[in-house]
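Participant: I have a structure I would like to understand better, so I am pasting it below and will then ask my questions one at a time.
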Amino acid sequence: MGLVACLLLGLAACQSAATTGTTGVPTEADLQQQINTAIGQAPCTADSQCRTIGVGANACGGPVVWRAWSTQNNPKSEALQSLVDQLATRQRQRQAQSGMVSTCRYLPDPGAVCQAQRCVLKTTADTAS
């Protein structure tokens, strides 16, 4: 992968591309797998360790889905954020090339809580209490 491409995609993309064994640029599936691995089981002992991150890119903006993750196994969020940003960029490029549109449904951040020692997304019942 050339220096210009590395600068455009970010250093993390170049580093993760080295592990893909493909053309040097991770696919959307590669990035999804790396995100899943980075989040892991999202272990926690308190709500304060739980965070949310928007993953993917809807054609008219915003994330496709929110995921809960834990600061316990991810004390630095920069690596996870980099993977999520790369995935969103890749999806926006694909959507632009194909002319894809979406329903433009707003997907608010649900927040996350620690339940049974795992970070999970809050439910409507969690926010009512």
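Naming scheme: A, B, ... for chains in displayed order of the structure tokens; residues 1 onward per chain; ligands 1 onward as shown.
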Residues of stretch 5-109 of chain A in strand (DSSP E or B) according to DSSP, as an MDAnalysis selection string?
Facilitator: chainID A and resid 43 50:55 65:70
Participant: Quick one: write out the picked residues with N, CA, C and O atoms as a short mmCIF file (atom, residue, chain, number, x, y, z; two decimals), in the first residue's frame?
Facilitator:
```
data_model
loop_
_atom_site.label_atom_id
_atom_site.label_comp_id
_atom_site.auth_asym_id
_atom_site.auth_seq_id
_atom_site.Cartn_x
_atom_site.Cartn_y
_atom_site.Cartn_z
N PRO A 43 -16.70 -6.93 29.18
CA PRO A 43 -16.86 -7.19 30.62
C PRO A 43 -16.88 -5.90 31.43
O PRO A 43 -16.26 -4.91 31.06
N CYS A 50 -19.06 1.28 30.99
CA CYS A 50 -19.79 1.00 29.75
C CYS A 50 -19.95 2.24 28.89
O CYS A 50 -20.29 3.32 29.38
N ARG A 51 -19.72 2.06 27.60
CA ARG A 51 -19.85 3.14 26.62
C ARG A 51 -20.61 2.60 25.41
O ARG A 51 -20.76 1.40 25.25
N THR A 52 -21.04 3.51 24.55
CA THR A 52 -21.65 3.12 23.28
C THR A 52 -20.84 3.71 22.14
O THR A 52 -20.15 4.73 22.31
N ILE A 53 -20.94 3.06 20.99
CA ILE A 53 -20.29 3.56 19.79
C ILE A 53 -21.20 3.25 18.61
O ILE A 53 -21.75 2.15 18.51
N GLY A 54 -21.39 4.23 17.73
CA GLY A 54 -22.19 4.04 16.53
C GLY A 54 -21.35 3.35 15.46
O GLY A 54 -20.24 3.79 15.17
N VAL A 55 -21.89 2.28 14.91
CA VAL A 55 -21.15 1.47 13.93
C VAL A 55 -21.87 1.51 12.59
O VAL A 55 -23.09 1.34 12.53
N VAL A 65 -26.06 0.95 13.54
CA VAL A 65 -26.36 0.28 14.81
C VAL A 65 -25.48 0.88 15.90
O VAL A 65 -24.41 1.41 15.63
N TRP A 66 -25.96 0.81 17.13
CA TRP A 66 -25.16 1.19 18.29
C TRP A 66 -24.67 -0.08 18.95
O TRP A 66 -25.39 -1.08 19.03
N ARG A 67 -23.43 -0.07 19.44
CA ARG A 67 -22.86 -1.21 20.14
C ARG A 67 -22.36 -0.76 21.51
O ARG A 67 -21.83 0.34 21.66
N ALA A 68 -22.53 -1.60 22.50
CA ALA A 68 -21.99 -1.34 23.84
C ALA A 68 -20.57 -1.92 23.90
O ALA A 68 -20.30 -2.98 23.34
N TRP A 69 -19.68 -1.20 24.57
CA TRP A 69 -18.32 -1.69 24.77
C TRP A 69 -17.84 -1.29 26.15
O TRP A 69 -18.48 -0.48 26.83
N SER A 70 -16.75 -1.87 26.60
CA SER A 70 -16.29 -1.67 27.96
C SER A 70 -14.90 -1.06 28.00
O SER A 70 -14.01 -1.46 27.25
#
```
Participant: List as a ChimeraX atom specification the protein and nucleic acid residues near A:Lys122, meaning an atom at most 8 Å away when only C-alpha atoms are counted, but skip any in the same chain fewer than 6 places from it.
Facilitator: /A:110-113
Participant: Smallest atom-to-atom distance to A:Cys60: which of A:Ala116, A:Val101, A:Leu107, A:Ile35, using only C-alpha atoms?
Facilitator: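 Closest residue, counting only C-alpha atoms: A:Val101.
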Participant: For A:Gly99, which residue out of A:Leu80, A:Ala38, A:Thr27, A:Ala59 is the nearest one, using only C-alpha atoms?
Facilitator: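 Using only C-alpha atoms, the shortest distance to A:Gly99 belongs to A:Ala59.
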Participant: With only C-alpha atoms as the basis for distance, which of A:Val25, A:Leu31, A:Ala42, A:Leu87 is at the shortest distance from A:Arg118?
Facilitator: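 Closest candidate: A:Ala42.
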Participant: Would you mind writing down, as a PyMOL selection string, each residue of stretch 11-113 of chain A that DSSP on the backbone assigns to helix (DSSP H, G or I)?
Facilitator: chain A and resi 11-20+28-39+47-49+78-98
Participant: Any idea what's packed within 9 Å of A:Gln115, counting only C-alpha atoms, ignoring anything in its chain fewer than 2 positions away? Could you give it as a ChimeraX atom specification?
Facilitator: /A:44-47,113,117-120
Participant: Could you check how far atom CA of A:Ser98 sits from atom CA of A:Gly62, in Å to one decimal?
Facilitator: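 Going from atom CA of A:Ser98 over to atom CA of A:Gly62 covers 18.3 Å.
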Participant: Would you work out the distance separating atom CA of A:Gln86 from atom CA of A:Gly61, expressed in Å to one decimal?
Facilitator: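 According to the coordinates, atom CA of A:Gln86 and atom CA of A:Gly61 are separated by 15.0 Å.
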Participant: Enter the distance from atom CA of A:Thr123 to atom CA of A:Ala79, in Å, rounded to one decimal.
Facilitator: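 Separating atom CA of A:Thr123 from atom CA of A:Ala79 is a distance of 26.9 Å.
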